[in-house]
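Asker: Here you go, this is protein31.tsv (TSV, C-alpha atoms).
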```tsv
chain	number	residue	atom	x	y	z
A	1	MET	CA	97.12	-5.96	30.03
A	2	SER	CA	93.57	-4.60	30.12
A	3	SER	CA	90.50	-6.77	30.60
A	4	PRO	CA	88.63	-7.95	27.48
A	5	VAL	CA	85.38	-6.35	26.32
A	6	TYR	CA	82.09	-8.26	26.21
A	7	GLY	CA	78.73	-7.42	24.71
A	8	VAL	CA	75.89	-8.04	27.19
A	9	ARG	CA	72.13	-8.00	26.67
A	10	SER	CA	69.54	-7.97	29.41
A	11	ARG	CA	66.80	-9.10	27.00
A	12	PRO	CA	66.88	-11.49	24.03
A	13	LEU	CA	66.26	-8.78	21.40
A	14	GLY	CA	67.39	-5.80	23.44
A	15	GLN	CA	70.26	-3.43	22.88
A	16	THR	CA	73.81	-4.57	23.45
A	17	SER	CA	75.88	-2.83	26.13
A	18	TYR	CA	79.61	-3.31	26.47
A	19	TYR	CA	81.46	-4.15	29.66
A	20	GLN	CA	84.88	-5.30	30.72
A	21	GLY	CA	85.20	-8.61	32.50
A	22	PRO	CA	87.42	-11.61	33.25
A	23	PHE	CA	89.04	-13.71	30.54
A	24	GLU	CA	87.16	-16.94	31.28
A	25	LEU	CA	83.75	-15.65	30.06
A	26	LYS	CA	82.32	-16.73	26.73
A	27	ALA	CA	79.21	-16.11	24.65
A	28	GLY	CA	76.10	-17.54	26.31
A	29	ASP	CA	77.23	-17.04	29.92
A	30	TYR	CA	75.02	-15.15	32.36
A	31	VAL	CA	76.60	-12.31	34.29
A	32	LEU	CA	75.62	-9.63	36.79
A	33	VAL	CA	76.31	-6.05	35.72
A	34	ALA	CA	75.88	-2.72	37.43
A	35	ALA	CA	72.73	-0.87	36.39
A	36	GLU	CA	70.70	2.14	37.42
A	37	GLN	CA	68.59	-0.01	39.72
A	38	GLY	CA	71.58	-1.71	41.36
A	39	SER	CA	72.51	-5.00	39.70
A	40	ALA	CA	70.95	-6.60	36.63
A	41	LEU	CA	71.16	-10.01	35.04
A	42	GLY	CA	72.47	-10.15	31.48
A	43	ARG	CA	73.75	-12.61	28.93
A	44	VAL	CA	77.04	-12.38	27.05
A	45	VAL	CA	76.39	-12.23	23.29
A	46	SER	CA	79.84	-11.27	21.99
A	47	GLY	CA	83.45	-11.28	23.09
A	48	PRO	CA	86.00	-11.46	24.39
A	49	ALA	CA	87.45	-8.61	22.34
A	50	GLU	CA	90.34	-6.24	22.83
A	51	LEU	CA	89.80	-2.73	24.11
A	52	PRO	CA	89.74	-0.28	21.16
A	53	GLU	CA	92.68	2.02	20.72
A	54	GLY	CA	92.38	5.34	22.43
A	55	ARG	CA	90.12	3.92	25.17
A	56	SER	CA	91.14	3.33	28.75
A	57	ASP	CA	89.82	0.89	31.34
A	58	GLU	CA	87.80	3.67	32.95
A	59	ASP	CA	85.68	4.24	29.83
A	60	LEU	CA	83.70	1.00	30.14
A	61	PRO	CA	81.92	-0.36	33.22
A	62	GLN	CA	82.98	-3.63	34.76
A	63	ILE	CA	81.07	-6.90	34.96
A	64	LEU	CA	80.38	-7.56	38.63
A	65	ARG	CA	80.63	-11.35	38.52
A	66	GLN	CA	79.43	-14.41	36.69
A	67	ALA	CA	75.87	-15.34	37.61
A	68	SER	CA	75.30	-18.33	39.86
A	69	PRO	CA	72.49	-20.90	39.35
A	70	GLU	CA	70.52	-19.09	42.06
A	71	ASP	CA	70.86	-15.79	40.16
A	72	ILE	CA	69.64	-17.44	36.96
A	73	CYS	CA	66.61	-18.87	38.78
A	74	GLN	CA	65.92	-15.44	40.26
A	75	GLY	CA	66.00	-13.93	36.77
A	76	GLU	CA	63.54	-16.53	35.47
A	77	GLU	CA	61.20	-15.81	38.38
A	78	ASN	CA	61.44	-12.10	37.63
A	79	ASP	CA	60.44	-12.79	34.02
A	80	ARG	CA	57.40	-14.73	35.18
A	81	LEU	CA	56.53	-11.93	37.61
A	82	ALA	CA	56.79	-9.37	34.79
A	83	ALA	CA	54.42	-11.43	32.61
A	84	GLU	CA	51.99	-11.81	35.53
A	85	ALA	CA	52.15	-8.08	36.31
A	86	THR	CA	51.51	-7.27	32.64
A	87	ALA	CA	48.36	-9.40	32.57
A	88	PHE	CA	47.14	-8.01	35.92
A	89	CYS	CA	47.70	-4.38	34.91
A	90	ARG	CA	45.98	-4.82	31.55
A	91	ARG	CA	43.00	-6.41	33.29
A	92	CYS	CA	42.78	-3.45	35.66
A	93	ILE	CA	42.96	-1.04	32.72
A	94	ARG	CA	40.11	-2.83	30.96
A	95	GLU	CA	37.95	-2.94	34.09
A	96	ARG	CA	38.42	0.77	34.74
A	97	ARG	CA	38.10	1.64	31.02
A	98	MET	CA	41.23	3.76	31.03
A	99	ASP	CA	42.43	5.25	27.78
A	100	MET	CA	46.01	3.99	28.05
A	101	LYS	CA	48.10	1.19	26.57
A	102	LEU	CA	50.53	-0.85	28.64
A	103	VAL	CA	53.71	-1.51	26.68
A	104	ASP	CA	56.06	-3.35	29.02
A	105	VAL	CA	56.83	-4.12	32.64
A	106	GLU	CA	60.34	-4.10	34.10
A	107	VAL	CA	61.14	-5.87	37.38
A	108	PHE	CA	64.30	-4.99	39.27
A	109	PHE	CA	66.57	-7.92	40.03
A	110	ASP	CA	65.91	-7.66	43.78
A	111	ARG	CA	62.16	-7.03	43.17
A	112	SER	CA	62.31	-3.76	45.06
A	113	LYS	CA	60.65	-1.85	42.23
A	114	LEU	CA	58.39	-2.49	39.23
A	115	ILE	CA	58.24	-0.06	36.31
A	116	PHE	CA	55.14	0.00	34.10
A	117	TYR	CA	55.70	1.65	30.72
A	118	PHE	CA	52.57	2.94	29.02
A	119	THR	CA	51.36	5.25	26.27
A	120	ALA	CA	48.31	7.49	26.46
A	121	PRO	CA	46.85	10.02	24.02
A	122	ALA	CA	45.44	12.26	26.77
A	123	ARG	CA	45.69	12.94	30.47
A	124	ILE	CA	44.64	10.12	32.78
A	125	ASP	CA	43.54	9.82	36.38
A	126	PHE	CA	45.43	6.66	37.42
A	127	ARG	CA	45.23	6.94	41.22
A	128	ASP	CA	43.09	3.82	41.61
A	129	LEU	CA	45.36	1.88	39.26
A	130	VAL	CA	48.43	2.76	41.33
A	131	LYS	CA	46.69	1.60	44.50
A	132	ASP	CA	45.79	-1.73	42.94
A	133	LEU	CA	49.36	-2.35	41.78
A	134	VAL	CA	50.97	-1.40	45.11
A	135	ARG	CA	48.58	-3.52	47.14
A	136	GLU	CA	49.01	-6.48	44.81
A	137	TYR	CA	52.82	-6.61	44.68
A	138	ARG	CA	53.83	-4.73	47.87
A	139	ALA	CA	56.73	-3.04	46.11
A	140	ARG	CA	57.56	0.38	44.79
A	141	ILE	CA	55.51	1.01	41.65
A	142	GLU	CA	56.52	3.47	38.96
A	143	LEU	CA	54.25	4.46	36.07
A	144	ARG	CA	56.34	5.87	33.26
A	145	GLN	CA	54.72	7.35	30.18
A	146	ILE	CA	56.64	6.93	26.93
A	147	GLY	CA	56.18	8.13	23.36
A	148	VAL	CA	55.43	6.11	20.27
A	149	ARG	CA	59.11	6.05	19.26
A	150	HIS	CA	60.11	4.54	22.59
A	151	GLU	CA	57.25	2.06	22.26
A	152	THR	CA	58.68	0.82	18.97
A	153	GLN	CA	62.11	0.66	20.59
A	154	MET	CA	60.78	-1.61	23.33
A	155	VAL	CA	58.52	-3.82	21.25
A	156	GLY	CA	60.67	-4.00	18.12
A	157	ALA	CA	59.56	-4.08	14.49
A	158	VAL	CA	60.84	-4.53	10.94
A	159	GLY	CA	61.39	-1.31	9.03
A	160	ASN	CA	60.81	-0.44	5.38
A	161	CYS	CA	64.36	-1.54	4.58
A	162	GLY	CA	63.58	-5.10	5.69
A	163	MET	CA	65.78	-4.99	8.78
A	164	VAL	CA	64.97	-4.63	12.47
A	165	CYS	CA	64.40	-1.01	13.42
A	166	CYS	CA	67.52	0.95	14.30
A	167	CYS	CA	65.99	2.08	17.59
A	168	ARG	CA	65.64	-1.55	18.64
A	169	ARG	CA	69.15	-2.56	17.61
A	170	TYR	CA	71.54	0.19	18.64
A	171	LEU	CA	70.02	3.68	18.98
A	172	ARG	CA	70.38	5.04	22.50
A	173	LYS	CA	68.94	8.52	21.94
A	174	PHE	CA	66.49	9.87	19.37
A	175	ALA	CA	67.83	12.72	17.28
A	176	PRO	CA	65.30	15.35	16.15
A	177	VAL	CA	64.06	14.68	12.61
A	178	THR	CA	62.21	17.32	10.57
A	179	ILE	CA	60.48	17.42	7.22
A	180	ARG	CA	63.18	19.86	6.06
A	181	MET	CA	65.66	16.96	6.05
A	182	ALA	CA	63.49	15.02	3.60
A	183	LYS	CA	63.20	18.08	1.35
A	184	GLU	CA	66.94	18.74	1.33
A	185	GLN	CA	67.61	15.09	0.47
A	186	ASN	CA	65.23	15.32	-2.53
A	187	LEU	CA	62.95	12.59	-1.24
A	188	PHE	CA	59.33	12.13	-2.27
A	189	LEU	CA	57.19	13.58	0.51
A	190	ASN	CA	55.06	10.48	0.75
A	191	PRO	CA	54.18	9.70	4.38
A	192	ALA	CA	54.29	5.96	3.65
A	193	LYS	CA	57.88	6.26	2.39
A	194	ILE	CA	59.44	8.66	4.88
A	195	SER	CA	57.63	7.46	8.04
A	196	GLY	CA	58.61	4.55	10.24
A	197	ILE	CA	56.56	1.91	12.01
A	198	CYS	CA	55.89	4.34	14.85
A	199	GLY	CA	54.29	6.85	12.47
A	200	ARG	CA	57.06	9.41	12.95
A	201	LEU	CA	59.68	10.45	10.42
A	202	LEU	CA	62.41	7.89	9.80
A	203	CYS	CA	65.35	8.17	12.18
A	204	CYS	CA	67.72	7.35	9.33
A	205	LEU	CA	66.94	10.71	7.72
A	206	ALA	CA	69.31	12.26	10.25
A	207	TYR	CA	72.22	9.90	9.51
A	208	GLU	CA	73.50	11.80	6.43
A	209	GLN	CA	72.05	15.20	7.28
A	210	GLU	CA	75.45	16.52	8.32
A	211	ASN	CA	76.78	15.86	4.81
A	212	TYR	CA	73.77	17.58	3.26
A	213	ASP	CA	74.17	20.58	5.56
A	214	ASN	CA	77.83	20.87	4.64
A	215	PHE	CA	76.98	20.63	0.93
A	216	HIS	CA	74.18	23.20	1.03
A	217	ARG	CA	76.38	25.54	3.06
A	218	HIS	CA	78.74	25.87	0.07
A	219	CYS	CA	76.09	25.45	-2.60
A	220	PRO	CA	74.34	28.46	-4.21
A	221	ARG	CA	70.59	28.82	-4.02
A	222	LEU	CA	68.67	26.96	-6.68
A	223	GLY	CA	66.72	29.00	-9.21
A	224	LYS	CA	68.71	32.20	-8.54
A	225	ARG	CA	70.83	34.17	-10.96
A	226	TYR	CA	74.45	34.94	-10.13
A	227	GLN	CA	76.97	37.23	-11.71
A	228	THR	CA	80.29	35.42	-12.32
A	229	ASP	CA	83.57	36.07	-14.07
A	230	LYS	CA	82.14	34.27	-17.13
A	231	GLY	CA	78.92	36.25	-17.18
A	232	PRO	CA	75.49	35.77	-15.59
A	233	MET	CA	74.44	32.20	-14.74
A	234	LYS	CA	71.32	30.65	-13.32
A	235	VAL	CA	71.57	27.70	-10.91
A	236	LEU	CA	69.32	24.83	-12.00
A	237	ARG	CA	70.20	21.74	-9.93
A	238	ALA	CA	72.62	20.51	-7.29
A	239	ASN	CA	74.19	17.04	-7.02
A	240	LEU	CA	75.51	16.04	-3.60
A	241	PHE	CA	77.16	12.83	-4.81
A	242	ARG	CA	79.08	14.61	-7.57
A	243	ASN	CA	79.62	17.71	-5.45
A	244	SER	CA	78.56	19.79	-8.43
A	245	ILE	CA	75.79	22.06	-9.69
A	246	ALA	CA	74.08	22.49	-13.06
A	247	VAL	CA	73.92	26.08	-14.35
A	248	LEU	CA	72.40	27.81	-17.37
A	249	THR	CA	74.72	30.26	-19.08
A	250	GLU	CA	73.75	33.48	-20.79
A	251	SER	CA	73.88	31.75	-24.18
A	252	GLY	CA	71.34	29.14	-23.06
A	253	GLU	CA	73.85	26.32	-22.61
A	254	GLU	CA	73.56	24.00	-19.60
A	255	GLN	CA	76.83	23.16	-17.87
A	256	GLU	CA	77.81	21.05	-14.86
A	257	ILE	CA	80.36	22.79	-12.65
A	258	HIS	CA	82.19	21.44	-9.62
A	259	LEU	CA	81.71	23.48	-6.46
A	260	ASP	CA	85.41	24.33	-6.30
A	261	GLU	CA	85.23	25.66	-9.87
A	262	TRP	CA	82.08	27.58	-8.99
A	263	GLN	CA	83.76	29.29	-6.06
A	264	ALA	CA	86.68	30.23	-8.33
A	265	LEU	CA	84.27	32.20	-10.55
A	266	SER	CA	83.59	34.67	-7.70
A	267	PRO	CA	79.78	34.45	-7.95
A	268	PHE	CA	77.52	37.03	-6.35
A	269	ARG	CA	73.92	38.13	-6.55
A	270	PRO	CA	73.59	41.82	-7.44
A	271	GLU	CA	70.01	42.07	-6.16
A	272	ALA	CA	70.72	40.31	-2.84
A	273	PRO	CA	71.01	42.61	0.22
A	274	GLN	CA	74.25	42.66	2.16
A	275	ASN	CA	72.68	41.32	5.34
A	276	ALA	CA	70.56	38.64	3.66
A	277	ALA	CA	72.24	35.91	5.66
A	278	ALA	CA	71.61	37.71	8.92
A	279	GLN	CA	67.96	38.35	8.02
A	280	GLY	CA	67.39	34.70	7.11
A	281	ARG	CA	68.51	33.42	10.48
A	282	GLN	CA	65.86	32.66	13.01
A	283	PRO	CA	66.46	32.89	16.73
A	284	ALA	CA	67.09	29.54	18.36
A	285	ARG	CA	64.12	28.19	20.23
A	286	PRO	CA	64.58	27.21	23.85
A	287	PRO	CA	64.60	23.44	24.42
A	288	GLN	CA	61.21	22.01	25.32
A	289	GLY	CA	60.42	18.87	27.25
A	290	ASP	CA	58.46	15.96	25.91
A	291	GLY	CA	55.62	16.35	28.42
A	292	LEU	CA	55.71	12.69	29.48
A	293	LEU	CA	54.75	11.62	32.98
A	294	VAL	CA	56.72	9.64	35.55
A	295	VAL	CA	55.08	8.81	38.90
A	296	SER	CA	56.54	6.60	41.60
A	297	VAL	CA	54.55	5.29	44.59
A	298	SER	CA	55.73	3.02	47.39
A	299	PRO	CA	53.62	0.96	49.82
A	300	GLU	CA	54.31	3.54	52.54
A	301	THR	CA	52.95	6.42	50.43
A	302	VAL	CA	50.03	4.67	48.72
A	303	ASP	CA	47.51	6.21	51.12
A	304	SER	CA	48.61	9.73	50.19
A	305	VAL	CA	48.02	9.27	46.48
A	306	ASP	CA	44.63	10.98	46.58
A	307	HIS	CA	46.13	13.97	48.37
A	308	ASP	CA	49.27	14.28	46.27
A	309	PHE	CA	47.51	13.74	42.95
A	310	ALA	CA	44.39	15.81	43.09
A	311	PRO	CA	42.00	15.69	40.12
A	312	GLU	CA	43.94	18.51	38.49
A	313	GLY	CA	47.32	16.86	39.04
A	314	ALA	CA	46.16	13.29	38.64
A	315	GLU	CA	45.23	13.89	35.06
A	316	CYS	CA	48.83	13.62	33.97
A	317	ALA	CA	49.93	17.20	34.24
A	318	PRO	CA	53.20	17.16	32.26
A	319	ALA	CA	56.30	17.97	34.22
A	320	ALA	CA	57.95	19.59	31.20
A	321	THR	CA	57.01	22.65	29.16
A	322	GLY	CA	56.01	20.80	26.04
A	323	ASP	CA	52.23	20.80	26.73
A	324	THR	CA	50.28	22.82	24.19
A	325	SER	CA	46.79	21.56	25.00
A	326	ALA	CA	45.44	25.02	25.68
A	327	ALA	CA	46.82	26.49	22.48
A	328	GLY	CA	44.01	25.14	20.32
A	329	ASP	CA	41.18	26.08	22.72
A	330	PRO	CA	40.02	29.62	22.05
A	331	ALA	CA	38.31	29.73	25.42
A	332	GLN	CA	41.58	29.03	27.21
A	333	ALA	CA	43.89	30.86	24.86
A	334	GLY	CA	43.44	34.16	26.67
A	335	VAL	CA	43.68	32.82	30.20
A	336	GLY	CA	46.42	34.53	32.15
A	337	LYS	CA	46.82	37.44	29.72
A	338	PRO	CA	46.13	40.95	31.05
A	339	ARG	CA	43.22	42.66	29.35
A	340	ARG	CA	44.09	46.02	27.86
A	341	LYS	CA	41.70	48.80	28.78
A	342	ARG	CA	40.49	51.05	25.99
A	343	ARG	CA	40.99	54.72	26.67
A	344	ARG	CA	37.93	56.86	26.06
A	345	LYS	CA	38.24	60.10	24.21
A	346	PRO	CA	37.13	63.15	26.18
A	347	GLN	CA	33.80	64.56	24.98
A	348	THR	CA	33.74	68.26	24.21
A	349	SER	CA	30.59	70.23	24.77
A	350	GLU	CA	29.18	72.78	22.36
A	351	ALA	CA	29.93	75.59	24.85
A	352	ASP	CA	33.65	74.77	24.70
A	353	GLN	CA	33.57	74.96	20.93
```
Kindly return the structure encoded in the file as structure tokens.

Answerer:
Amino acid sequence: MSSPVYGVRSRPLGQTSYYQGPFELKAGDYVLVAAEQGSALGRVVSGPAELPEGRSDEDLPQILRQASPEDICQGEENDRLAAEATAFCRRCIRERRMDMKLVDVEVFFDRSKLIFYFTAPARIDFRDLVKDLVREYRARIELRQIGVRHETQMVGAVGNCGMVCCCRRYLRKFAPVTIRMAKEQNLFLNPAKISGICGRLLCCLAYEQENYDNFHRHCPRLGKRYQTDKGPMKVLRANLFRNSIAVLTESGEEQEIHLDEWQALSPFRPEAPQNAAAQGRQPARPPQGDGLLVVSVSPETVDSVDHDFAPEGAECAPAATGDTSAAGDPAQAGVGKPRRKRRRKPQTSEADQ
């Protein structure tokens, strides 16, 4: 018999991760689980539950052990240290007048490392800030820049639907959301309606996009005329929920036809070129990074910060290829491009003529 499954949270309103553990655990118990930084303290919020069908014991990580009173005290001290580090870092930011916003501070269970999550609209020289943090806490300090969507995921908020944001509750990764999704779903392009608390497009726009893509793949183009077995017809509207389209016949009558019935009419566009589908495709763009910065400094390497992060590198040079800061500067737009030489035409003298 396999071990039961428990839902564990490391923070009161954080995301729930699932682990396998012993039978004697119950909701409210503190446990130690394996994490990226070694071991982490968490609290059981659900379970025990049976392992879902089709899953094996190797699919879920194991709970290391139930937390002892000393482990619980260590976790409370880490929470107090995180609050103290947050206040200290924000005071340093204000004193140095740095254009950045501290979002959260994470302390490893063994206090070997502190992670400071921040947002910044531009590049920042944070060498002095790193020195202050390392000398204050004598631990490995990591400054990790995050985007506005990750900020909302950490802080938490209530969405337009009246519920806690999906990114705070269960989303692990952010799927790309485009304005084309809102257009295909026939939504009003009002930024207040289709944007979330973070100011970006709603993540829930991508939930049903697969159904819309499948529907539009079999649906004719709206506003176009097609030649069918029953004569020419013009497509007026499409209804995803009915899986049908509204057409205008040659006699001026409007009809609603199911997509299966529409395909049975053998529709085609006489004026459409044969390779219209191939011409409409655009080449796939290579994946680009988010341009966010991650810097880690230990007490042993704090003296080399000035050397490693020179003024050019200290100003948050993105490690990925998503930086487009020079694209809007006409003075820098031509940097690195070879200049084409203009060939002069040979001049002919009057004697040659």

Asker: Find the spatial neighbours of Val177 (chain A), counting only C-alpha atoms, within a cut-off of 12 Å - ignore same-chain residues fewer than 4 positions away - and output them as a PyMOL selection string.

Answerer: chain A and resi 149+181-183+194-196+200-209

Asker: Could you pull the residues within 7 Å of Leu114 (chain A), counting all atoms listed in the file, minus those fewer than 6 positions along the same chain, as a ChimeraX atom specification?

Answerer: /A:105-108,140-142

Asker: Would you mind telling me which residue in A:His150, A:Arg144, A:Arg11, A:Arg237 lies nearest to Pro220 (chain A) when using only C-alpha atoms?

Answerer: A:Arg237

Asker: Excluding Glu254 (chain A) and its own-chain neighbours fewer than 4 positions away, which residues fall within 10 Å of it when counting all atoms listed in the file? Please give them as a PyMOL selection string.

Answerer: chain A and resi 233-236+246-250

Asker: When distances are computed from only C-alpha atoms, which of A:Leu64, A:Cys219, A:Ala264, A:Leu129 shows the smallest separation from Val31 (chain A)?

Answerer: A:Leu64

Asker: Of the candidates A:Leu51, A:Ile124, A:Leu25, A:Ala238, which shows the shortest atom-to-atom distance to Asp99 (chain A), using only C-alpha atoms?

Answerer: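 Closest residue, counting only C-alpha atoms: A:Ile124.
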
Asker: Between A:Gln74, A:Gly223, A:Phe215, A:Asp128, which one has atoms that come closest to Asp260 (chain A), using only C-alpha atoms?

Answerer: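 Among the listed residues, A:Phe215 lies closest to Asp260 (chain A).
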
Asker: Set the distance at 6 Å and use only C-alpha atoms: which residues neighbour Val5 (chain A) once local chain neighbours fewer than 5 positions away are removed? I'd like the list as a list of chain:residue names.

Answerer: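 Near neighbours after the sequence-gap exclusion: A:Tyr19, A:Gln20, A:Pro48, A:Ala49.
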
Asker: Generate the output file for the selected residues, C-alpha atoms, as a compact mmCIF listing (two decimals), in the frame of the given file.

Answerer:
```
# COMPACT_ATOMS: atom_id res chain seq x y z
CA TYR A 19 81.46 -4.15 29.66
CA GLN A 20 84.88 -5.30 30.72
CA PRO A 48 86.00 -11.46 24.39
CA ALA A 49 87.45 -8.61 22.34
```

Asker: Taking 2 positions as the minimum chain separation for residues in the same chain, which residues sit within 12 Å of Leu265 (chain A) when counting all atoms listed in the file? Answer as a list in words.

Answerer: Tyr226, Gln227, Thr228, Asp229, Lys230, Gly231, Pro232, Met233, Ile257, His258, Leu259, Asp260, Glu261, Trp262, Gln263, Pro267 and Phe268 of chain A

Asker: What is the distance between CA of Gln145 (chain A) and CA of Asp125 (chain A), in Å to one decimal?

Answerer: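 Between CA of Gln145 (chain A) and CA of Asp125 (chain A) the gap is 13.0 Å.
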
Asker: Which residue out of A:Gln15, A:Ser298, A:Asn243, A:Gln62 has the minimum interatomic distance to Arg138 (chain A) when all atoms listed in the file are used?

Answerer: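 Comparing A:Gln15, A:Ser298, A:Asn243, A:Gln62 against Arg138 (chain A), the winner is A:Ser298.
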
Asker: Given all atoms listed in the file as the basis, pick out the residue of A:Pro12, A:Phe174, A:Cys198, A:Ser39 nearest to Val158 (chain A).

Answerer: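 Result for the nearest residue to Val158 (chain A): A:Cys198.
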
Asker: So how many Å separate CA of Asp104 (chain A) and CA of Phe116 (chain A), to one decimal?

Answerer: 6.2 Å

Asker: Residues within 7 Å of (54.2, 9.4, 40.3), file coordinates, counting all atoms listed in the file: what are they? Give the list as a VMD selection string.

Answerer: chain A and resid 142 to 143 294 to 297

Asker: May I ask for the distance between CA of Thr152 (chain A) and CA of Met100 (chain A), given in Å to one decimal place?

Answerer: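 Taking CA of Thr152 (chain A) and CA of Met100 (chain A), their separation equals 15.9 Å.
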